[in-house]
file coords-v9.pdb (PDB, C-alpha atoms, pLDDT in the B column)
ATOM      1  CA  MET P   4     109.492  68.123 206.577  1.00 84.00           C
ATOM      2  CA  THR P   5     112.136  66.753 208.942  1.00 93.00           C
ATOM      3  CA  HIS P   6     115.861  66.135 208.560  1.00 96.00           C
ATOM      4  CA  LYS P   7     118.178  63.666 210.270  1.00 97.00           C
ATOM      5  CA  THR P   8     121.436  65.144 211.478  1.00 97.00           C
ATOM      6  CA  LYS P   9     123.937  64.773 214.276  1.00 98.00           C
ATOM      7  CA  GLY P  10     124.501  67.644 216.686  1.00 98.00           C
ATOM      8  CA  ILE P  11     126.944  68.641 219.417  1.00 98.00           C
ATOM      9  CA  VAL P  12     125.447  70.610 222.307  1.00 98.00           C
ATOM     10  CA  LEU P  13     127.239  73.931 222.792  1.00 98.00           C
ATOM     11  CA  ARG P  14     124.970  75.729 225.227  1.00 97.00           C
ATOM     12  CA  THR P  15     121.829  75.028 227.263  1.00 95.00           C
ATOM     13  CA  ILE P  16     119.572  77.661 228.809  1.00 94.00           C
ATOM     14  CA  LYS P  17     116.512  76.992 230.944  1.00 91.00           C
ATOM     15  CA  TYR P  18     113.308  78.376 229.428  1.00 89.00           C
ATOM     16  CA  GLY P  19     110.086  78.588 231.379  1.00 85.00           C
ATOM     17  CA  GLU P  20     109.239  75.869 233.861  1.00 82.00           C
ATOM     18  CA  THR P  21     109.954  72.782 231.785  1.00 84.00           C
ATOM     19  CA  SER P  22     111.783  73.748 228.578  1.00 89.00           C
ATOM     20  CA  LEU P  23     115.319  74.331 227.338  1.00 93.00           C
ATOM     21  CA  VAL P  24     116.826  76.494 224.615  1.00 95.00           C
ATOM     22  CA  ILE P  25     119.694  74.521 223.109  1.00 96.00           C
ATOM     23  CA  THR P  26     122.463  75.856 220.871  1.00 97.00           C
ATOM     24  CA  MET P  27     124.011  73.068 218.804  1.00 97.00           C
ATOM     25  CA  LEU P  28     126.669  72.632 216.178  1.00 98.00           C
ATOM     26  CA  THR P  29     124.920  70.383 213.664  1.00 97.00           C
ATOM     27  CA  GLU P  30     126.314  68.249 210.901  1.00 97.00           C
ATOM     28  CA  LEU P  31     123.877  69.580 208.250  1.00 96.00           C
ATOM     29  CA  PHE P  32     123.018  73.139 209.223  1.00 96.00           C
ATOM     30  CA  GLY P  33     125.965  74.525 211.200  1.00 96.00           C
ATOM     31  CA  VAL P  34     125.086  76.260 214.456  1.00 97.00           C
ATOM     32  CA  GLN P  35     121.352  76.177 215.254  1.00 97.00           C
ATOM     33  CA  THR P  36     119.124  77.035 218.195  1.00 96.00           C
ATOM     34  CA  TYR P  37     116.381  74.621 219.267  1.00 96.00           C
ATOM     35  CA  LEU P  38     113.495  74.944 221.679  1.00 93.00           C
ATOM     36  CA  VAL P  39     112.952  71.678 223.524  1.00 92.00           C
ATOM     37  CA  ASN P  40     109.722  71.460 225.521  1.00 86.00           C
ATOM     38  CA  GLY P  41     108.905  69.298 228.513  1.00 79.00           C
ATOM     39  CA  VAL P  42     112.355  67.890 229.285  1.00 80.00           C
ATOM     40  CA  ARG P  43     112.499  69.319 232.820  1.00 67.00           C
ATOM     41  CA  THR P  44     109.295  67.794 234.149  1.00 68.00           C
ATOM     42  CA  ALA P  45     109.437  65.438 237.129  1.00 56.00           C
ATOM     43  CA  LYS P  46     108.956  62.398 234.903  1.00 59.00           C
ATOM     44  CA  ARG P  47     111.622  63.336 232.369  1.00 52.00           C
ATOM     45  CA  SER P  48     114.151  65.364 234.334  1.00 50.00           C
ATOM     46  CA  GLY P  49     116.749  62.578 234.371  1.00 54.00           C
ATOM     47  CA  SER P  50     117.974  61.121 231.116  1.00 59.00           C
ATOM     48  CA  LYS P  51     116.241  63.591 228.784  1.00 75.00           C
ATOM     49  CA  ALA P  52     117.737  66.686 230.388  1.00 76.00           C
ATOM     50  CA  ALA P  53     121.147  64.990 230.662  1.00 83.00           C
ATOM     51  CA  MET P  54     121.170  64.513 226.904  1.00 92.00           C
ATOM     52  CA  TYR P  55     121.426  68.261 226.441  1.00 94.00           C
ATOM     53  CA  GLN P  56     124.534  68.988 228.504  1.00 95.00           C
ATOM     54  CA  PRO P  57     127.386  70.748 226.675  1.00 97.00           C
ATOM     55  CA  GLY P  58     129.550  68.321 224.747  1.00 98.00           C
ATOM     56  CA  ALA P  59     126.819  65.720 224.213  1.00 98.00           C
ATOM     57  CA  ILE P  60     126.789  64.240 220.703  1.00 98.00           C
ATOM     58  CA  LEU P  61     123.219  63.499 219.634  1.00 98.00           C
ATOM     59  CA  GLN P  62     121.414  61.902 216.725  1.00 98.00           C
ATOM     60  CA  LEU P  63     118.534  64.203 215.842  1.00 97.00           C
ATOM     61  CA  GLU P  64     115.447  64.395 213.727  1.00 96.00           C
ATOM     62  CA  VAL P  65     114.674  68.091 213.406  1.00 96.00           C
ATOM     63  CA  TYR P  66     112.271  70.485 211.777  1.00 94.00           C
ATOM     64  CA  HIS P  67     114.233  73.105 209.858  1.00 94.00           C
ATOM     65  CA  ASN P  68     113.168  76.410 208.360  1.00 92.00           C
ATOM     66  CA  ASP P  69     115.873  78.799 207.106  1.00 88.00           C
ATOM     67  CA  ARG P  70     113.609  81.769 207.828  1.00 87.00           C
ATOM     68  CA  LYS P  71     113.318  80.972 211.533  1.00 89.00           C
ATOM     69  CA  ASN P  72     115.875  81.769 214.225  1.00 89.00           C
ATOM     70  CA  MET P  73     114.704  78.930 216.453  1.00 93.00           C
ATOM     71  CA  GLN P  74     114.063  75.393 215.280  1.00 94.00           C
ATOM     72  CA  ARG P  75     112.420  72.378 216.883  1.00 94.00           C
ATOM     73  CA  ILE P  76     113.546  68.819 217.562  1.00 94.00           C
ATOM     74  CA  LYS P  77     111.189  65.960 216.767  1.00 93.00           C
ATOM     75  CA  GLU P  78     113.378  63.156 218.131  1.00 94.00           C
ATOM     76  CA  ALA P  79     116.728  63.009 219.895  1.00 95.00           C
ATOM     77  CA  GLU P  80     118.915  60.167 221.119  1.00 95.00           C
ATOM     78  CA  TRP P  81     122.543  59.647 222.001  1.00 96.00           C
ATOM     79  CA  SER P  82     124.804  59.322 218.968  1.00 97.00           C
ATOM     80  CA  PHE P  83     127.842  58.530 221.107  1.00 97.00           C
ATOM     81  CA  LEU P  84     127.965  57.418 224.726  1.00 96.00           C
ATOM     82  CA  PHE P  85     131.024  58.763 226.517  1.00 97.00           C
ATOM     83  CA  LYS P  86     132.775  56.496 228.993  1.00 97.00           C
ATOM     84  CA  GLU P  87     134.574  59.165 231.032  1.00 97.00           C
ATOM     85  CA  LEU P  88     134.009  62.650 229.595  1.00 97.00           C
ATOM     86  CA  PHE P  89     131.060  63.649 231.784  1.00 96.00           C
ATOM     87  CA  ASN P  90     132.333  61.958 234.964  1.00 96.00           C
ATOM     88  CA  ASP P  91     136.048  62.742 234.857  1.00 97.00           C
ATOM     89  CA  VAL P  92     136.492  66.269 236.251  1.00 96.00           C
ATOM     90  CA  ILE P  93     139.620  67.053 234.240  1.00 97.00           C
ATOM     91  CA  LYS P  94     138.347  65.703 230.917  1.00 98.00           C
ATOM     92  CA  ASN P  95     135.027  67.455 231.394  1.00 97.00           C
ATOM     93  CA  CYS P  96     136.804  70.715 232.120  1.00 97.00           C
ATOM     94  CA  VAL P  97     138.841  70.421 228.906  1.00 98.00           C
ATOM     95  CA  ALA P  98     135.696  69.546 226.933  1.00 98.00           C
ATOM     96  CA  LEU P  99     133.883  72.621 228.276  1.00 98.00           C
ATOM     97  CA  TYR P 100     136.831  74.786 227.224  1.00 98.00           C
ATOM     98  CA  MET P 101     136.671  73.318 223.712  1.00 98.00           C
ATOM     99  CA  ILE P 102     132.917  73.814 223.512  1.00 98.00           C
ATOM    100  CA  GLU P 103     133.115  77.432 224.669  1.00 98.00           C
ATOM    101  CA  LEU P 104     135.846  78.149 222.123  1.00 98.00           C
ATOM    102  CA  ILE P 105     133.683  76.776 219.305  1.00 98.00           C
ATOM    103  CA  TYR P 106     130.676  78.727 220.579  1.00 97.00           C
ATOM    104  CA  LYS P 107     132.633  82.001 220.480  1.00 96.00           C
ATOM    105  CA  LEU P 108     133.740  81.411 216.886  1.00 97.00           C
ATOM    106  CA  VAL P 109     130.574  80.085 215.232  1.00 94.00           C
ATOM    107  CA  LYS P 110     128.549  83.176 214.350  1.00 85.00           C
ATOM    108  CA  GLN P 111     126.434  82.258 211.331  1.00 83.00           C
ATOM    109  CA  PRO P 112     124.081  79.267 210.803  1.00 86.00           C
ATOM    110  CA  GLU P 113     126.043  78.032 207.810  1.00 85.00           C
ATOM    111  CA  GLU P 114     126.851  74.416 207.010  1.00 90.00           C
ATOM    112  CA  ASN P 115     130.338  73.494 208.177  1.00 93.00           C
ATOM    113  CA  ALA P 116     130.461  69.724 208.163  1.00 96.00           C
ATOM    114  CA  ASP P 117     134.266  69.620 208.419  1.00 97.00           C
ATOM    115  CA  LEU P 118     134.133  71.618 211.656  1.00 98.00           C
ATOM    116  CA  PHE P 119     131.482  69.280 213.021  1.00 98.00           C
ATOM    117  CA  TYR P 120     133.525  66.171 212.227  1.00 98.00           C
ATOM    118  CA  PHE P 121     136.668  67.720 213.740  1.00 98.00           C
ATOM    119  CA  ALA P 122     134.841  68.592 216.968  1.00 98.00           C
ATOM    120  CA  GLU P 123     133.094  65.211 217.121  1.00 98.00           C
ATOM    121  CA  ASP P 124     136.355  63.337 216.610  1.00 98.00           C
ATOM    122  CA  ALA P 125     138.185  65.487 219.166  1.00 98.00           C
ATOM    123  CA  LEU P 126     135.564  64.912 221.874  1.00 98.00           C
ATOM    124  CA  GLN P 127     135.525  61.165 221.241  1.00 98.00           C
ATOM    125  CA  HIS P 128     139.316  60.944 221.472  1.00 98.00           C
ATOM    126  CA  LEU P 129     139.388  63.115 224.596  1.00 98.00           C
ATOM    127  CA  ASP P 130     137.030  60.609 226.219  1.00 98.00           C
ATOM    128  CA  THR P 131     139.665  57.854 226.144  1.00 97.00           C
ATOM    129  CA  ALA P 132     142.808  60.017 226.223  1.00 98.00           C
ATOM    130  CA  THR P 133     145.749  59.338 228.530  1.00 97.00           C
ATOM    131  CA  GLU P 134     146.758  61.818 231.220  1.00 95.00           C
ATOM    132  CA  THR P 135     149.471  63.367 229.033  1.00 95.00           C
ATOM    133  CA  GLU P 136     147.143  63.586 226.042  1.00 97.00           C
ATOM    134  CA  VAL P 137     144.504  65.334 228.152  1.00 97.00           C
ATOM    135  CA  ALA P 138     147.040  67.860 229.438  1.00 96.00           C
ATOM    136  CA  ASN P 139     148.106  68.728 225.877  1.00 97.00           C
ATOM    137  CA  PHE P 140     144.627  68.506 224.344  1.00 98.00           C
ATOM    138  CA  PRO P 141     143.666  72.189 224.817  1.00 98.00           C
ATOM    139  CA  LEU P 142     146.789  73.273 222.932  1.00 98.00           C
ATOM    140  CA  PHE P 143     146.140  70.798 220.127  1.00 98.00           C
ATOM    141  CA  PHE P 144     142.527  71.917 219.771  1.00 98.00           C
ATOM    142  CA  THR P 145     143.320  75.634 220.005  1.00 98.00           C
ATOM    143  CA  VAL P 146     146.029  75.403 217.343  1.00 98.00           C
ATOM    144  CA  HIS P 147     143.933  73.432 214.845  1.00 98.00           C
ATOM    145  CA  LEU P 148     140.506  75.065 215.267  1.00 98.00           C
ATOM    146  CA  PRO P 149     141.333  78.257 213.272  1.00 98.00           C
ATOM    147  CA  GLU P 150     141.634  76.121 210.116  1.00 97.00           C
ATOM    148  CA  PHE P 151     137.831  75.958 209.993  1.00 97.00           C
ATOM    149  CA  PHE P 152     137.345  79.712 210.354  1.00 96.00           C
ATOM    150  CA  GLY P 153     139.771  81.164 207.837  1.00 95.00           C
ATOM    151  CA  PHE P 154     142.702  82.145 210.055  1.00 97.00           C
ATOM    152  CA  LYS P 155     144.761  78.958 210.062  1.00 97.00           C
ATOM    153  CA  ILE P 156     148.345  79.179 211.243  1.00 97.00           C
ATOM    154  CA  SER P 157     150.582  78.219 208.329  1.00 97.00           C
ATOM    155  CA  ASN P 158     152.882  75.249 208.866  1.00 96.00           C
ATOM    156  CA  ALA P 159     156.592  75.846 209.287  1.00 95.00           C
ATOM    157  CA  SER P 160     158.755  74.267 206.619  1.00 94.00           C
ATOM    158  CA  PRO P 161     161.360  71.653 207.648  1.00 93.00           C
ATOM    159  CA  GLN P 162     164.054  74.151 206.671  1.00 94.00           C
ATOM    160  CA  MET P 163     162.612  76.702 209.093  1.00 94.00           C
ATOM    161  CA  GLN P 164     162.304  74.174 211.889  1.00 94.00           C
ATOM    162  CA  ALA P 165     165.980  73.338 211.486  1.00 94.00           C
ATOM    163  CA  HIS P 166     166.750  76.805 212.875  1.00 93.00           C
ATOM    164  CA  LYS P 167     166.734  77.280 216.623  1.00 92.00           C
ATOM    165  CA  GLU P 168     165.596  80.914 216.470  1.00 94.00           C
ATOM    166  CA  LEU P 169     162.173  80.538 214.882  1.00 97.00           C
ATOM    167  CA  TYR P 170     159.363  83.099 215.153  1.00 98.00           C
ATOM    168  CA  LEU P 171     155.607  82.755 214.824  1.00 98.00           C
ATOM    169  CA  ASP P 172     154.207  86.097 213.695  1.00 98.00           C
ATOM    170  CA  LEU P 173     150.765  86.296 215.338  1.00 98.00           C
ATOM    171  CA  GLN P 174     149.648  89.117 213.051  1.00 97.00           C
ATOM    172  CA  GLU P 175     150.377  87.132 209.884  1.00 97.00           C
ATOM    173  CA  GLY P 176     149.718  83.672 211.300  1.00 97.00           C
ATOM    174  CA  SER P 177     152.945  82.370 209.790  1.00 97.00           C
ATOM    175  CA  PHE P 178     156.452  81.340 210.796  1.00 98.00           C
ATOM    176  CA  THR P 179     159.539  83.346 209.931  1.00 97.00           C
ATOM    177  CA  LEU P 180     163.235  83.381 210.661  1.00 97.00           C
ATOM    178  CA  GLN P 181     163.215  87.188 210.957  1.00 96.00           C
ATOM    179  CA  LEU P 182     162.136  89.155 214.007  1.00 96.00           C
ATOM    180  CA  PRO P 183     158.540  90.292 213.232  1.00 96.00           C
ATOM    181  CA  PRO P 184     158.058  94.064 212.902  1.00 93.00           C
ATOM    182  CA  GLN P 185     155.304  94.129 215.537  1.00 92.00           C
ATOM    183  CA  VAL P 186     155.173  93.091 219.195  1.00 94.00           C
ATOM    184  CA  HIS P 187     152.911  90.034 219.009  1.00 96.00           C
ATOM    185  CA  TYR P 188     154.954  86.958 218.213  1.00 97.00           C
ATOM    186  CA  ILE P 189     156.072  83.644 219.698  1.00 97.00           C
ATOM    187  CA  GLN P 190     159.742  82.781 219.453  1.00 96.00           C
ATOM    188  CA  GLY P 191     162.342  80.085 219.959  1.00 96.00           C
ATOM    189  CA  GLU P 192     161.358  76.873 221.681  1.00 96.00           C
ATOM    190  CA  ASP P 193     157.741  78.005 222.031  1.00 97.00           C
ATOM    191  CA  ALA P 194     157.451  78.630 218.288  1.00 97.00           C
ATOM    192  CA  HIS P 195     158.895  75.167 217.652  1.00 97.00           C
ATOM    193  CA  THR P 196     156.263  73.677 219.994  1.00 97.00           C
ATOM    194  CA  ILE P 197     153.441  75.326 218.032  1.00 98.00           C
ATOM    195  CA  ALA P 198     155.002  74.073 214.797  1.00 97.00           C
ATOM    196  CA  GLU P 199     155.040  70.528 216.204  1.00 97.00           C
ATOM    197  CA  LEU P 200     151.415  70.812 217.350  1.00 97.00           C
ATOM    198  CA  LEU P 201     150.383  71.840 213.841  1.00 97.00           C
ATOM    199  CA  LYS P 202     151.837  68.579 212.533  1.00 96.00           C
ATOM    200  CA  VAL P 203     149.848  66.424 214.990  1.00 96.00           C
ATOM    201  CA  GLN P 204     147.119  64.547 213.118  1.00 92.00           C
ATOM    202  CA  GLN P 205     146.358  61.768 215.614  1.00 94.00           C
ATOM    203  CA  THR P 206     145.798  62.720 219.235  1.00 94.00           C
ATOM    204  CA  HIS P 207     147.916  59.832 220.563  1.00 95.00           C
ATOM    205  CA  GLU P 208     150.903  61.803 219.217  1.00 96.00           C
ATOM    206  CA  LEU P 209     150.299  64.263 222.058  1.00 97.00           C
ATOM    207  CA  ASN P 210     151.906  61.712 224.391  1.00 96.00           C
ATOM    208  CA  GLU P 211     155.262  62.656 222.851  1.00 95.00           C
ATOM    209  CA  LEU P 212     154.902  66.343 223.676  1.00 94.00           C
ATOM    210  CA  LYS P 213     156.684  67.000 226.966  1.00 91.00           C
ATOM    211  CA  LEU P 214     155.505  70.292 228.445  1.00 94.00           C
ATOM    212  CA  ASN P 215     155.074  71.425 232.006  1.00 93.00           C
ATOM    213  CA  ARG P 216     151.988  73.092 233.427  1.00 93.00           C
ATOM    214  CA  LEU P 217     153.422  76.615 233.304  1.00 94.00           C
ATOM    215  CA  LYS P 218     154.513  76.299 229.678  1.00 96.00           C
ATOM    216  CA  ARG P 219     151.071  75.074 228.594  1.00 95.00           C
ATOM    217  CA  ARG P 220     149.451  78.050 230.292  1.00 96.00           C
ATOM    218  CA  GLU P 221     151.866  80.473 228.632  1.00 96.00           C
ATOM    219  CA  LEU P 222     151.252  79.006 225.183  1.00 97.00           C
ATOM    220  CA  ILE P 223     147.469  79.059 225.608  1.00 97.00           C
ATOM    221  CA  ALA P 224     147.698  82.713 226.676  1.00 97.00           C
ATOM    222  CA  GLN P 225     149.697  83.539 223.541  1.00 97.00           C
ATOM    223  CA  LEU P 226     147.191  81.706 221.356  1.00 98.00           C
ATOM    224  CA  MET P 227     144.341  83.653 222.964  1.00 98.00           C
ATOM    225  CA  ILE P 228     146.108  86.819 221.758  1.00 98.00           C
ATOM    226  CA  TYR P 229     146.171  85.281 218.277  1.00 98.00           C
ATOM    227  CA  TYR P 230     142.419  84.678 218.454  1.00 98.00           C
ATOM    228  CA  GLN P 231     141.779  88.221 219.676  1.00 97.00           C
ATOM    229  CA  MET P 232     143.752  89.591 216.741  1.00 97.00           C
ATOM    230  CA  HIS P 233     141.809  87.599 214.146  1.00 97.00           C
ATOM    231  CA  VAL P 234     138.290  87.186 215.563  1.00 97.00           C
ATOM    232  CA  PRO P 235     136.122  90.318 215.903  1.00 94.00           C
ATOM    233  CA  ASP P 236     134.722  90.859 219.406  1.00 93.00           C
ATOM    234  CA  PHE P 237     136.556  87.833 220.810  1.00 96.00           C
ATOM    235  CA  THR P 238     136.238  87.980 224.589  1.00 95.00           C
ATOM    236  CA  PRO P 239     138.029  85.999 227.348  1.00 95.00           C
ATOM    237  CA  LEU P 240     136.799  82.448 227.957  1.00 97.00           C
ATOM    238  CA  ARG P 241     135.132  81.770 231.282  1.00 95.00           C
ATOM    239  CA  THR P 242     136.374  78.167 231.252  1.00 96.00           C
ATOM    240  CA  LEU P 243     140.043  79.033 230.714  1.00 96.00           C
ATOM    241  CA  GLN P 244     141.005  79.936 234.281  1.00 92.00           C
ATOM    242  CA  VAL P 245     139.240  76.868 235.685  1.00 93.00           C
ATOM    243  CA  MET P 246     140.992  74.637 233.161  1.00 94.00           C
ATOM    244  CA  ASN P 247     144.378  76.207 233.924  1.00 90.00           C
ATOM    245  CA  ASP P 248     143.831  75.619 237.635  1.00 89.00           C
ATOM    246  CA  ILE P 249     142.820  71.997 237.247  1.00 89.00           C
ATOM    247  CA  LEU P 250     145.325  70.772 234.648  1.00 83.00           C
ATOM    248  CA  SER P 251     148.630  69.474 235.960  1.00 63.00           C
TER     249      SER P 251
END

call {"tool": "encode", "arguments": {"input": "coords-v9.pdb", "output": "C-alpha cells"}}
result
Amino acid sequence: MTHKTKGIVLRTIKYGETSLVITMLTELFGVQTYLVNGVRTAKRSGSKAAMYQPGAILQLEVYHNDRKNMQRIKEAEWSFLFKELFNDVIKNCVALYMIELIYKLVKQPEENADLFYFAEDALQHLDTATETEVANFPLFFTVHLPEFFGFKISNASPQMQAHKELYLDLQEGSFTLQLPPQVHYIQGEDAHTIAELLKVQQTHELNELKLNRLKRRELIAQLMIYYQMHVPDFTPLRTLQVMNDILS
C-alpha cells in the first residue's frame, strides 16, 4: 500500500555506488528515512539527484511501514519550484541553517503536520524575500520554531512591552519585569526585539525590523543558549558560523 504525502529534504547521504539515504520531514508521517536507488547513475545524475538536496519540497508516493526504520519512495516530483533559493548564495545559506535546526529537533517519526506547513511556508517565503527580510529570517525562524516542540517562548503582554527594562528569562521561556534569579536572560532592547519577533506572523513584517549584523549575531547566540537549555543533547550548528559570516 502506498501513501501520497509532501516532504521536505533535511539530509542526504550517499549510499553505495548509485543510491541515496534521504531524511525528510513529511506531511503525513513526520521525520522519515528513505532509501532511493539508482539516482546517481550516469543517466539520472542530473535532475533526479538534484531533487534530493536539502530544502527541496517534494510530492511523494511512498511505501510506509511503521515497523521499519527505512522506507521506500515509489514516485517523487517537485512540489514547489524555487526561483532563487538554490542559486542565491545567501538565501541558500539561510535555508540550510533552517533545515539543520529542524533536523536537530525532530527526534521521533511522529506526525507533525503543523511543523511541516510552517517549514514549507517559511522556505517558500524565503525564496522571494527582500534583502532585509533575508537578514532577519534566521531570527524569525529560530524564535518561532520552538512552538512546535513544546518549549515556545511566551509572548510579552502590551503592559510589559511598555516598560523599557524588560527581561526574557531563558530558563522559563517567558518575559518578566524583574531581574531573573539565574544568569541566562536577555534584557532591555534585545528582549523587546525578541518580543516583536514573536508577534511577526507574515514574513514581510521583517522589513520593519532594523537590526545591524552584530546585533543579529548576538541575538542568535542567545537563542542558541535557549535551545541548549531546553533540548537534550543539542549541539552547535555547523551552518551557523557560515551564515553569520555571509549575512550582512

call {"tool": "residues_around", "arguments": {"input": "coords-v9.pdb", "residues": "P:Asn139", "least_positions_apart": "5", "cutoff": "9 Å", "atoms": "all atoms listed in the file", "output": "PyMOL selection string"}}
result
chain P and resi 134+144+209-210+212-214+219

call {"tool": "residues_around", "arguments": {"input": "coords-v9.pdb", "residues": "P:Phe83", "least_positions_apart": "6", "cutoff": "9 Å", "atoms": "all atoms listed in the file", "output": "NGL selection string"}}
result
:P and (59-62 or 127)

call {"tool": "resolve_selection", "arguments": {"input": "coords-v9.pdb", "expression": "the PyMOL selection byres ((chain P and resi 133) around 12)", "output": "PyMOL selection string"}}
result
chain P and resi 87+93-94+128-132+134-140+206-211

call {"tool": "resolve_selection", "arguments": {"input": "coords-v9.pdb", "expression": "the PyMOL selection byres ((chain P and resi 101-110) around 7)", "output": "count of residues only"}}
result
9

call {"tool": "closest_residue", "arguments": {"input": "coords-v9.pdb", "among": "P:Val65, P:Ile16, P:Leu182, P:Ala52", "to": "P:Leu31", "atoms": "only C-alpha atoms"}}
result
P:Val65

call {"tool": "atom_distance", "arguments": {"input": "coords-v9.pdb", "atom1": "atom CA of P:Asp248", "atom2": "atom CA of P:Leu217"}}
result
10.6 Å

call {"tool": "atom_distance", "arguments": {"input": "coords-v9.pdb", "atom1": "atom CA of P:Glu114", "atom2": "atom CA of P:His6"}}
result
13.8 Å

call {"tool": "closest_residue", "arguments": {"input": "coords-v9.pdb", "among": "P:Asn215, P:Thr242, P:Asn158, P:Thr15", "to": "P:Ala198", "atoms": "only C-alpha atoms"}}
result
P:Asn158

call {"tool": "atom_distance", "arguments": {"input": "coords-v9.pdb", "atom1": "atom CA of P:Lys71", "atom2": "atom CA of P:Arg14"}}
result
18.7 Å

call {"tool": "resolve_selection", "arguments": {"input": "coords-v9.pdb", "expression": "the PyMOL selection byres ((chain P and resi 238) around 12)", "output": "PyMOL selection string"}}
result
chain P and resi 103-104+106-108+227-228+230-237+239-243
